[in-house]
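A.B. asks: Mind having a look at this structure? Questions to follow.
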Amino acid sequence: MTAPMVIDCDPGPDDIAALILARQMRNMNVLAVTTVAGNCTVDVATRNTLALMDLLDWNIPVAAGASQPLTRPLRTAGDLFGDDGLLGVELSGTGASGTPSTRATDPRPAWDLVYDVARAAHQPIDIVTLGPLTNIATALAVHPDLPQYVERLVIMGGAFLAGNTTPAAEFNAFVDPEAAERVFSSGIPFWLCPLDVTHQGYITLRELQEVMDLESEPARIFAELLRRGYEDVKHYTGGLGVPLHDPLAVMYAADPSAFSSSECFIGCETQGSITAGMTITDRYSDAQLQPNGHLVETVDRTWFIAMIMDILARY
Ligand code: BDR
Ligand code: CA
């Protein structure tokens, strides 16, 4: 069993896919989900999360967090995923025809819920982040003793080699570079899952059809969300498939045995129109900067896809 966990996310197609997996992972104990502005506004991210909780009959607290990055205006991925954040894929209550969930969000802001859950847990918790790091940076500012209640952070974000939003920056780091830098330098042990590894963790159209053939509603939604994005994102994998960014981070948190990682210095550039949001990783420079985190570098894709099929077949 992994440590008790909070998932912070901005759903978003692959965030929903990650939550669908997390719900059925046997060795995971997810205590709460928090939302942040990123792929879409925080209101839309929260609405999507609540609708998914209904669909999965998942009864854990959901708290909304930051509506803006720490210091910059919000830049969403609305051009890619649409205003609903989900490429028009309807969870009950997210589409034009759906009735929104009647579930209430937790009254606390995300950063207070994370802190309260961490303090109340019987052991240090894991935090898995699938969006910009605004909520976690805010939690660290508001609750400076948070690190003592956290075992590790697993972060989807950043890029060793090249960005997907600017030449230098991956989307989550690009949206809130100041938050990323604060979290990386906070002293909390963290494992960064950058684009270089999430592009190895892709799913093919044929595999998505196999998911579809499982015939459960969560599996259908998982496949449909990723299939609709295929044309726009296949070039990241040389046309092989759709990168599973956020599912890969959740899977790493569940079982790191089929991944490799290196301990090294990781920072985030906050300046410059092209360089802001660029993650800086000292893998082998002469500077040998003091390591502060872990860079997840490879995944065994055969294992990864087999695990996904196994988990989705449980629905
Ligand atoms: C990240 O950006 C978002 O669009 C995805 O959900 C993922 O978290 C990939 O760059
Ligand atoms: Ca995300």
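Scheme for the structure tokens: letters A, B, ... for chains in order shown; per-chain residue numbers from 1; ligand numbers from 1 in order shown.
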Find the residues near ligand 2. Use a cut-off of 8 Å, count only C-alpha atoms and all ligand atoms, and write them as a CSV table (one decimal) with N, CA and C atoms, in the first residue's frame.

C.D. replies:
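And here is the file that came out, result.csv:
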```csv
chain,number,residue,atom,x,y,z
A,9,CYS,N,-5.3,18.5,-9.3
A,9,CYS,CA,-5.4,18.4,-10.7
A,9,CYS,C,-6.2,19.5,-11.4
A,10,ASP,N,-6.2,19.5,-12.7
A,10,ASP,CA,-6.9,20.6,-13.5
A,10,ASP,C,-7.7,19.9,-14.7
A,11,PRO,N,-8.6,19.0,-14.4
A,11,PRO,CA,-9.2,18.2,-15.5
A,11,PRO,C,-10.0,19.1,-16.5
A,12,GLY,N,-9.6,18.8,-17.7
A,12,GLY,CA,-8.5,18.2,-18.4
A,12,GLY,C,-8.7,16.7,-18.8
A,13,PRO,N,-8.6,16.4,-20.1
A,13,PRO,CA,-8.8,15.0,-20.5
A,13,PRO,C,-7.8,14.0,-19.8
A,14,ASP,N,-6.5,14.2,-19.8
A,14,ASP,CA,-5.7,13.2,-19.2
A,14,ASP,C,-5.7,13.2,-17.7
A,15,ASP,N,-6.1,14.3,-17.1
A,15,ASP,CA,-6.4,14.3,-15.6
A,15,ASP,C,-7.5,13.4,-15.3
A,38,GLY,N,-5.8,25.7,-14.8
A,38,GLY,CA,-4.7,25.2,-15.7
A,38,GLY,C,-5.3,24.9,-17.1
A,39,ASN,N,-5.5,23.6,-17.3
A,39,ASN,CA,-6.2,23.3,-18.6
A,39,ASN,C,-7.4,24.1,-18.9
A,130,LEU,N,-1.0,17.1,-10.9
A,130,LEU,CA,-1.3,16.9,-12.4
A,130,LEU,C,-1.5,18.2,-13.1
A,131,GLY,N,-1.4,19.3,-12.4
A,131,GLY,CA,-1.6,20.6,-13.0
A,131,GLY,C,-0.5,21.6,-12.6
A,132,PRO,N,-0.7,22.9,-12.8
A,132,PRO,CA,0.2,23.9,-12.3
A,132,PRO,C,0.3,23.8,-10.8
A,156,MET,N,3.6,15.8,-12.2
A,156,MET,CA,3.7,15.8,-13.7
A,156,MET,C,4.0,17.2,-14.1
A,172,ASN,N,2.3,22.7,-17.6
A,172,ASN,CA,2.1,22.9,-16.2
A,172,ASN,C,3.1,23.9,-15.6
A,245,HIS,N,0.2,11.8,-20.0
A,245,HIS,CA,1.0,12.5,-19.1
A,245,HIS,C,0.6,12.3,-17.6
A,246,ASP,N,-0.7,12.6,-17.3
A,246,ASP,CA,-1.1,12.5,-15.9
A,246,ASP,C,-1.3,11.1,-15.4
```

A.B. asks: Write out as a PyMOL selection string the set of residues from stretch 172-244 of chain A that DSSP, computed on the backbone, places in alpha helix (DSSP H).

C.D. replies: chain A and resi 172-175+177-184+195-198+205-212+217-233

A.B. asks: Give the answer as one residue: which of A:Ala45, A:Ala253, A:Ala63, A:Val299 has the shortest atom-to-atom distance to A:Ala22, using only C-alpha atoms?

C.D. replies: A:Ala253

A.B. asks: Would you mind listing what lies within 8 Å of A:Leu87 as a VMD selection string, with only C-alpha atoms counted and same-chain residues fewer than 6 positions away left out?

C.D. replies: chain A and resid 13 80 to 81 225 228 to 229

A.B. asks: Quick one: of A:Ala118, A:Leu31, A:Thr166, A:Glu178, who's nearest to A:Thr138, counting only C-alpha atoms?

C.D. replies: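 Residue with the minimum atom-to-atom distance to A:Thr138: A:Glu178.
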
A.B. asks: Can you work out which one of A:Leu91, A:Val242, A:Ala64, A:Leu226 has the shortest atom-to-atom distance to A:Leu52, counting only C-alpha atoms?

C.D. replies: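 Selected residue with least distance to A:Leu52: A:Leu91.
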
A.B. asks: Find the residue from A:Ser185, A:Gln148, A:Thr35, A:Thr198 that sits nearest to ligand 1; use only C-alpha atoms and all ligand atoms when measuring.

C.D. replies: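 Going through A:Ser185, A:Gln148, A:Thr35, A:Thr198 one by one, the smallest distance to ligand 1 is for A:Thr198.
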
A.B. asks: Measuring atom to atom with only C-alpha atoms, identify which of A:Asp176, A:Phe304, A:Met1, A:Gln271 is nearest to A:Arg26.

C.D. replies: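 When distances to A:Arg26 are compared using only C-alpha atoms, the smallest one comes from A:Met1.
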
A.B. asks: Among stretch 17-210 of chain A, which ones does DSSP place in strand (DSSP E), written as a list of chain:residue names?

C.D. replies: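 Put together, the selection reads A:Val30, A:Leu31, A:Ala32, A:Val33, A:Thr34, A:Thr35, A:Val62, A:Ala63, A:Ala64, A:Ile125, A:Asp126, A:Ile127, A:Val128, A:Thr129, A:Val150, A:Glu151, A:Arg152, A:Leu153, A:Val154, A:Ile155, A:Met156, A:Phe190, A:Trp191, A:Leu192, A:Cys193, A:Tyr202, A:Ile203.
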
A.B. asks: Write out as a list in words each polymer residue whose atoms come within 6 Å of stretch 257-265 of chain A, counting only C-alpha atoms; drop sequence neighbours fewer than 5 positions from it.

C.D. replies: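 Listing them by chain and then by number gives Thr281, Asp282, Leu289, Gln290, Pro291, Asn292, Gly293, His294, Leu295, Val296, Glu297, Thr298, Val299 and Asp300 of chain A.
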
A.B. asks: So which one's closest to A:Ala180, A:Ala66, A:Met28, A:Val150, A:Cys268? Using only C-alpha atoms, please.

C.D. replies: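 Among the listed residues, A:Cys268 lies closest to A:Ala180.
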
A.B. asks: Suppose you want the space between atom CA of A:Asn29 and atom CA of A:Ile305; what is it in Å?

C.D. replies: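 Atom CA of A:Asn29 sits 21.6 Å away from atom CA of A:Ile305.
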
A.B. asks: Quick one: everything within 6 Å of A:Gly65, counting only C-alpha atoms, minus sequence neighbours fewer than 4 positions away in the same chain. Send it as a list of chain:residue names.

C.D. replies: A:Thr35, A:Val36, A:Pro109, A:Ala110
